[in-house]
file final-v5.cif (mmCIF, N, CA and C atoms; chains and numbers go by the auth columns)
data_final
#
loop_
_atom_site.group_PDB
_atom_site.id
_atom_site.type_symbol
_atom_site.label_atom_id
_atom_site.label_comp_id
_atom_site.label_asym_id
_atom_site.label_seq_id
_atom_site.Cartn_x
_atom_site.Cartn_y
_atom_site.Cartn_z
_atom_site.B_iso_or_equiv
_atom_site.auth_seq_id
_atom_site.auth_asym_id
ATOM 1 N N MET A 1 92.760 -152.615 -186.481 0.00 1 A
ATOM 2 C CA MET A 1 92.520 -153.385 -187.678 0.00 1 A
ATOM 3 C C MET A 1 93.825 -154.068 -188.073 0.00 1 A
ATOM 4 N N THR A 2 93.840 -155.350 -187.965 0.00 2 A
ATOM 5 C CA THR A 2 95.050 -156.076 -188.333 0.00 2 A
ATOM 6 C C THR A 2 94.723 -157.101 -189.396 0.00 2 A
ATOM 7 N N ASP A 3 94.661 -158.369 -189.018 0.00 3 A
ATOM 8 C CA ASP A 3 94.401 -159.439 -189.972 0.00 3 A
ATOM 9 C C ASP A 3 92.982 -159.431 -190.512 0.00 3 A
ATOM 10 N N SER A 4 92.111 -158.637 -189.951 0.00 4 A
ATOM 11 C CA SER A 4 90.717 -158.633 -190.366 0.00 4 A
ATOM 12 C C SER A 4 90.485 -157.833 -191.644 0.00 4 A
ATOM 13 N N VAL A 5 91.498 -157.130 -192.136 0.00 5 A
ATOM 14 C CA VAL A 5 91.347 -156.302 -193.326 0.00 5 A
ATOM 15 C C VAL A 5 92.010 -156.983 -194.516 0.00 5 A
ATOM 16 N N THR A 6 91.241 -157.101 -195.592 0.00 6 A
ATOM 17 C CA THR A 6 91.763 -157.618 -196.847 0.00 6 A
ATOM 18 C C THR A 6 91.608 -156.527 -197.883 0.00 6 A
ATOM 19 N N VAL A 7 92.671 -156.207 -198.597 0.00 7 A
ATOM 20 C CA VAL A 7 92.589 -155.157 -199.606 0.00 7 A
ATOM 21 C C VAL A 7 93.046 -155.707 -200.946 0.00 7 A
ATOM 22 N N ARG A 8 92.194 -155.572 -201.935 0.00 8 A
ATOM 23 C CA ARG A 8 92.527 -155.846 -203.317 0.00 8 A
ATOM 24 C C ARG A 8 92.310 -154.560 -204.070 0.00 8 A
ATOM 25 N N LYS A 9 92.864 -154.482 -205.251 0.00 9 A
ATOM 26 C CA LYS A 9 92.751 -153.248 -206.022 0.00 9 A
ATOM 27 C C LYS A 9 91.296 -152.832 -206.248 0.00 9 A
ATOM 28 N N ASP A 10 90.434 -153.805 -206.502 0.00 10 A
ATOM 29 C CA ASP A 10 89.041 -153.498 -206.832 0.00 10 A
ATOM 30 C C ASP A 10 88.062 -153.732 -205.678 0.00 10 A
ATOM 31 N N GLU A 11 88.570 -154.156 -204.516 0.00 11 A
ATOM 32 C CA GLU A 11 87.658 -154.508 -203.432 0.00 11 A
ATOM 33 C C GLU A 11 88.334 -154.367 -202.076 0.00 11 A
ATOM 34 N N ARG A 12 87.558 -153.951 -201.091 0.00 12 A
ATOM 35 C CA ARG A 12 88.042 -153.890 -199.711 0.00 12 A
ATOM 36 C C ARG A 12 87.043 -154.619 -198.835 0.00 12 A
ATOM 37 N N THR A 13 87.539 -155.417 -197.933 0.00 13 A
ATOM 38 C CA THR A 13 86.687 -156.204 -197.052 0.00 13 A
ATOM 39 C C THR A 13 87.175 -156.070 -195.623 0.00 13 A
ATOM 40 N N LEU A 14 86.254 -155.930 -194.703 0.00 14 A
ATOM 41 C CA LEU A 14 86.575 -155.885 -193.289 0.00 14 A
ATOM 42 C C LEU A 14 85.734 -156.947 -192.593 0.00 14 A
ATOM 43 N N ARG A 15 86.379 -157.850 -191.908 0.00 15 A
ATOM 44 C CA ARG A 15 85.667 -158.876 -191.145 0.00 15 A
ATOM 45 C C ARG A 15 85.641 -158.434 -189.683 0.00 15 A
ATOM 46 N N LEU A 16 84.434 -158.355 -189.152 0.00 16 A
ATOM 47 C CA LEU A 16 84.262 -157.905 -187.781 0.00 16 A
ATOM 48 C C LEU A 16 83.673 -159.018 -186.939 0.00 16 A
ATOM 49 N N SER A 17 84.075 -159.058 -185.701 0.00 17 A
ATOM 50 C CA SER A 17 83.427 -159.953 -184.745 0.00 17 A
ATOM 51 C C SER A 17 82.686 -159.075 -183.740 0.00 17 A
ATOM 52 N N ARG A 18 81.799 -159.679 -183.014 0.00 18 A
ATOM 53 C CA ARG A 18 80.985 -158.933 -182.059 0.00 18 A
ATOM 54 C C ARG A 18 81.846 -158.576 -180.847 0.00 18 A
ATOM 55 N N ARG A 19 82.289 -157.344 -180.808 0.00 19 A
ATOM 56 C CA ARG A 19 83.069 -156.843 -179.675 0.00 19 A
ATOM 57 C C ARG A 19 82.865 -155.335 -179.596 0.00 19 A
ATOM 58 N N THR A 20 83.277 -154.744 -178.520 0.00 20 A
ATOM 59 C CA THR A 20 82.981 -153.331 -178.286 0.00 20 A
ATOM 60 C C THR A 20 83.641 -152.412 -179.311 0.00 20 A
ATOM 61 N N SER A 21 84.761 -152.796 -179.874 0.00 21 A
ATOM 62 C CA SER A 21 85.471 -151.926 -180.819 0.00 21 A
ATOM 63 C C SER A 21 85.023 -152.119 -182.272 0.00 21 A
ATOM 64 N N ALA A 22 84.108 -153.036 -182.532 0.00 22 A
ATOM 65 C CA ALA A 22 83.728 -153.371 -183.906 0.00 22 A
ATOM 66 C C ALA A 22 83.162 -152.171 -184.666 0.00 22 A
ATOM 67 N N LEU A 23 82.294 -151.419 -184.049 0.00 23 A
ATOM 68 C CA LEU A 23 81.680 -150.277 -184.731 0.00 23 A
ATOM 69 C C LEU A 23 82.727 -149.207 -185.037 0.00 23 A
ATOM 70 N N ASP A 24 83.622 -148.962 -184.112 0.00 24 A
ATOM 71 C CA ASP A 24 84.705 -147.997 -184.353 0.00 24 A
ATOM 72 C C ASP A 24 85.614 -148.470 -185.494 0.00 24 A
ATOM 73 N N GLU A 25 85.887 -149.767 -185.538 0.00 25 A
ATOM 74 C CA GLU A 25 86.710 -150.318 -186.617 0.00 25 A
ATOM 75 C C GLU A 25 86.016 -150.151 -187.974 0.00 25 A
ATOM 76 N N ALA A 26 84.703 -150.391 -188.004 0.00 26 A
ATOM 77 C CA ALA A 26 83.950 -150.237 -189.248 0.00 26 A
ATOM 78 C C ALA A 26 83.953 -148.778 -189.707 0.00 26 A
ATOM 79 N N ARG A 27 83.785 -147.872 -188.781 0.00 27 A
ATOM 80 C CA ARG A 27 83.812 -146.441 -189.125 0.00 27 A
ATOM 81 C C ARG A 27 85.181 -146.034 -189.667 0.00 27 A
ATOM 82 N N ARG A 28 86.237 -146.494 -189.028 0.00 28 A
ATOM 83 C CA ARG A 28 87.600 -146.173 -189.488 0.00 28 A
ATOM 84 C C ARG A 28 87.850 -146.758 -190.873 0.00 28 A
ATOM 85 N N PHE A 29 87.422 -147.986 -191.081 0.00 29 A
ATOM 86 C CA PHE A 29 87.577 -148.645 -192.370 0.00 29 A
ATOM 87 C C PHE A 29 86.869 -147.841 -193.467 0.00 29 A
ATOM 88 N N ALA A 30 85.644 -147.407 -193.183 0.00 30 A
ATOM 89 C CA ALA A 30 84.877 -146.625 -194.155 0.00 30 A
ATOM 90 C C ALA A 30 85.545 -145.274 -194.408 0.00 30 A
ATOM 91 N N ASP A 31 86.020 -144.632 -193.354 0.00 31 A
ATOM 92 C CA ASP A 31 86.714 -143.347 -193.514 0.00 31 A
ATOM 93 C C ASP A 31 87.915 -143.479 -194.445 0.00 31 A
ATOM 94 N N LEU A 32 88.677 -144.538 -194.250 0.00 32 A
ATOM 95 C CA LEU A 32 89.855 -144.754 -195.099 0.00 32 A
ATOM 96 C C LEU A 32 89.465 -145.077 -196.540 0.00 32 A
ATOM 97 N N ALA A 33 88.358 -145.788 -196.709 0.00 33 A
ATOM 98 C CA ALA A 33 87.920 -146.186 -198.047 0.00 33 A
ATOM 99 C C ALA A 33 87.482 -144.993 -198.895 0.00 33 A
ATOM 100 N N VAL A 34 86.957 -143.953 -198.255 0.00 34 A
ATOM 101 C CA VAL A 34 86.441 -142.806 -199.011 0.00 34 A
ATOM 102 C C VAL A 34 87.241 -141.529 -198.759 0.00 34 A
ATOM 103 N N ARG A 35 88.453 -141.667 -198.298 0.00 35 A
ATOM 104 C CA ARG A 35 89.258 -140.484 -197.955 0.00 35 A
ATOM 105 C C ARG A 35 89.534 -139.587 -199.150 0.00 35 A
ATOM 106 N N GLN A 36 89.455 -140.114 -200.359 0.00 36 A
ATOM 107 C CA GLN A 36 89.689 -139.323 -201.564 0.00 36 A
ATOM 108 C C GLN A 36 88.419 -138.617 -202.058 0.00 36 A
ATOM 109 N N CYS A 37 87.294 -138.909 -201.447 0.00 37 A
ATOM 110 C CA CYS A 37 86.006 -138.360 -201.884 0.00 37 A
ATOM 111 C C CYS A 37 85.759 -136.983 -201.255 0.00 37 A
ATOM 112 N N SER A 38 84.701 -136.354 -201.719 0.00 38 A
ATOM 113 C CA SER A 38 84.327 -135.046 -201.181 0.00 38 A
ATOM 114 C C SER A 38 83.891 -135.174 -199.722 0.00 38 A
ATOM 115 N N GLU A 39 83.875 -134.054 -199.036 0.00 39 A
ATOM 116 C CA GLU A 39 83.464 -134.049 -197.639 0.00 39 A
ATOM 117 C C GLU A 39 82.027 -134.540 -197.486 0.00 39 A
ATOM 118 N N ALA A 40 81.156 -134.141 -198.391 0.00 40 A
ATOM 119 C CA ALA A 40 79.756 -134.571 -198.336 0.00 40 A
ATOM 120 C C ALA A 40 79.656 -136.096 -198.479 0.00 40 A
ATOM 121 N N CYS A 41 80.431 -136.653 -199.384 0.00 41 A
ATOM 122 C CA CYS A 41 80.438 -138.106 -199.586 0.00 41 A
ATOM 123 C C CYS A 41 80.957 -138.810 -198.335 0.00 41 A
ATOM 124 N N ARG A 42 82.047 -138.320 -197.772 0.00 42 A
ATOM 125 C CA ARG A 42 82.618 -138.934 -196.567 0.00 42 A
ATOM 126 C C ARG A 42 81.614 -138.902 -195.415 0.00 42 A
ATOM 127 N N GLU A 43 80.919 -137.778 -195.288 0.00 43 A
ATOM 128 C CA GLU A 43 79.922 -137.659 -194.223 0.00 43 A
ATOM 129 C C GLU A 43 78.767 -138.637 -194.443 0.00 43 A
ATOM 130 N N ALA A 44 78.291 -138.748 -195.668 0.00 44 A
ATOM 131 C CA ALA A 44 77.192 -139.662 -195.980 0.00 44 A
ATOM 132 C C ALA A 44 77.585 -141.118 -195.715 0.00 44 A
ATOM 133 N N VAL A 45 78.776 -141.492 -196.120 0.00 45 A
ATOM 134 C CA VAL A 45 79.249 -142.856 -195.883 0.00 45 A
ATOM 135 C C VAL A 45 79.393 -143.105 -194.385 0.00 45 A
ATOM 136 N N GLY A 46 79.927 -142.149 -193.673 0.00 46 A
ATOM 137 C CA GLY A 46 80.070 -142.291 -192.225 0.00 46 A
ATOM 138 C C GLY A 46 78.734 -142.503 -191.531 0.00 46 A
ATOM 139 N N LEU A 47 77.736 -141.728 -191.928 0.00 47 A
ATOM 140 C CA LEU A 47 76.400 -141.888 -191.346 0.00 47 A
ATOM 141 C C LEU A 47 75.803 -143.250 -191.683 0.00 47 A
ATOM 142 N N ALA A 48 75.951 -143.679 -192.927 0.00 48 A
ATOM 143 C CA ALA A 48 75.407 -144.977 -193.344 0.00 48 A
ATOM 144 C C ALA A 48 76.071 -146.123 -192.581 0.00 48 A
ATOM 145 N N VAL A 49 77.382 -146.078 -192.452 0.00 49 A
ATOM 146 C CA VAL A 49 78.104 -147.130 -191.732 0.00 49 A
ATOM 147 C C VAL A 49 77.696 -147.138 -190.261 0.00 49 A
ATOM 148 N N SER A 50 77.564 -145.986 -189.680 0.00 50 A
ATOM 149 C CA SER A 50 77.155 -145.902 -188.275 0.00 50 A
ATOM 150 C C SER A 50 75.763 -146.487 -188.068 0.00 50 A
ATOM 151 N N GLU A 51 74.828 -146.102 -188.901 0.00 51 A
ATOM 152 C CA GLU A 51 73.455 -146.605 -188.775 0.00 51 A
ATOM 153 C C GLU A 51 73.391 -148.112 -188.985 0.00 51 A
ATOM 154 N N LEU A 52 74.041 -148.591 -190.034 0.00 52 A
ATOM 155 C CA LEU A 52 74.029 -150.029 -190.312 0.00 52 A
ATOM 156 C C LEU A 52 74.694 -150.796 -189.174 0.00 52 A
ATOM 157 N N GLY A 53 75.829 -150.314 -188.729 0.00 53 A
ATOM 158 C CA GLY A 53 76.532 -150.988 -187.638 0.00 53 A
ATOM 159 C C GLY A 53 75.724 -151.032 -186.358 0.00 53 A
ATOM 160 N N GLU A 54 75.114 -149.920 -186.004 0.00 54 A
ATOM 161 C CA GLU A 54 74.296 -149.880 -184.799 0.00 54 A
ATOM 162 C C GLU A 54 73.103 -150.819 -184.914 0.00 54 A
ATOM 163 N N ASN A 55 72.476 -150.877 -186.094 0.00 55 A
ATOM 164 C CA ASN A 55 71.348 -151.780 -186.291 0.00 55 A
ATOM 165 C C ASN A 55 71.777 -153.245 -186.229 0.00 55 A
ATOM 166 N N LEU A 56 72.941 -153.552 -186.773 0.00 56 A
ATOM 167 C CA LEU A 56 73.436 -154.924 -186.690 0.00 56 A
ATOM 168 C C LEU A 56 73.690 -155.331 -185.241 0.00 56 A
ATOM 169 N N LEU A 57 74.264 -154.422 -184.476 0.00 57 A
ATOM 170 C CA LEU A 57 74.512 -154.733 -183.070 0.00 57 A
ATOM 171 C C LEU A 57 73.213 -154.890 -182.283 0.00 57 A
ATOM 172 N N LYS A 58 72.210 -154.046 -182.581 0.00 58 A
ATOM 173 C CA LYS A 58 70.937 -154.108 -181.872 0.00 58 A
ATOM 174 C C LYS A 58 70.106 -155.316 -182.267 0.00 58 A
ATOM 175 N N TYR A 59 69.982 -155.546 -183.585 0.00 59 A
ATOM 176 C CA TYR A 59 69.011 -156.507 -184.081 0.00 59 A
ATOM 177 C C TYR A 59 69.608 -157.758 -184.702 0.00 59 A
ATOM 178 N N GLY A 60 70.916 -157.794 -184.841 0.00 60 A
ATOM 179 C CA GLY A 60 71.559 -158.935 -185.466 0.00 60 A
ATOM 180 C C GLY A 60 71.530 -160.170 -184.594 0.00 60 A
ATOM 181 N N SER A 61 71.808 -161.284 -185.208 0.00 61 A
ATOM 182 C CA SER A 61 71.857 -162.566 -184.497 0.00 61 A
ATOM 183 C C SER A 61 72.952 -162.529 -183.447 0.00 61 A
ATOM 184 N N GLN A 62 72.704 -163.121 -182.325 0.00 62 A
ATOM 185 C CA GLN A 62 73.701 -163.179 -181.262 0.00 62 A
ATOM 186 C C GLN A 62 74.767 -164.247 -181.536 0.00 62 A
ATOM 187 N N ALA A 63 74.507 -165.153 -182.461 0.00 63 A
ATOM 188 C CA ALA A 63 75.462 -166.214 -182.799 0.00 63 A
ATOM 189 C C ALA A 63 76.579 -165.641 -183.651 0.00 63 A
ATOM 190 N N GLU A 64 77.799 -166.129 -183.440 0.00 64 A
ATOM 191 C CA GLU A 64 78.944 -165.654 -184.247 0.00 64 A
ATOM 192 C C GLU A 64 79.215 -166.544 -185.379 0.00 64 A
#

call {"tool": "encode", "arguments": {"input": "final-v5.cif", "output": "structure tokens"}}
result
Amino acid sequence: MTDSVTVRKDERTLRLSRRTSALDEARRFADLAVRQCSEACREAVGLAVSELGENLLKYGSQAE
């Protein structure tokens, strides 16, 4: 994660392109975003990001 991450005090954004590392980058980004939360919260966010990311890769538009 380099230039694709924008952090403001009230918002975090990650821009991903279609590549093999995109899902791992999204998971890492989410892990860092909720690192202060409870373990249950971190696990729930991790599962949600994984499911959404996998669905985007499977069913999303092939155009970038």

call {"tool": "residues_around", "arguments": {"input": "final-v5.cif", "residues": "range 49-55 of chain A", "least_positions_apart": "3", "cutoff": "10 Å", "atoms": "only C-alpha atoms", "output": "ChimeraX atom specification"}}
result
/A:22-24,26-31,43-46,58-60

call {"tool": "atom_distance", "arguments": {"input": "final-v5.cif", "atom1": "CA of Gln36 in chain A", "atom2": "CA of Glu11 in chain A"}}
result
15.4 Å

call {"tool": "atom_distance", "arguments": {"input": "final-v5.cif", "atom1": "CA of Leu16 in chain A", "atom2": "CA of Cys37 in chain A"}}
result
24.2 Å

call {"tool": "axis_aligned_box", "arguments": {"input": "final-v5.cif", "around": "range 45-59 of chain A", "padding_each_side": "8 Å", "output": "AutoDock Vina command-line options"}}
result
--center_x 74.5 --center_y -149.6 --center_z -189.0 --size_x 27.1 --size_y 32.3 --size_z 30.2

call {"tool": "atom_distance", "arguments": {"input": "final-v5.cif", "atom1": "CA of Ala48 in chain A", "atom2": "CA of Arg35 in chain A"}}
result
15.3 Å
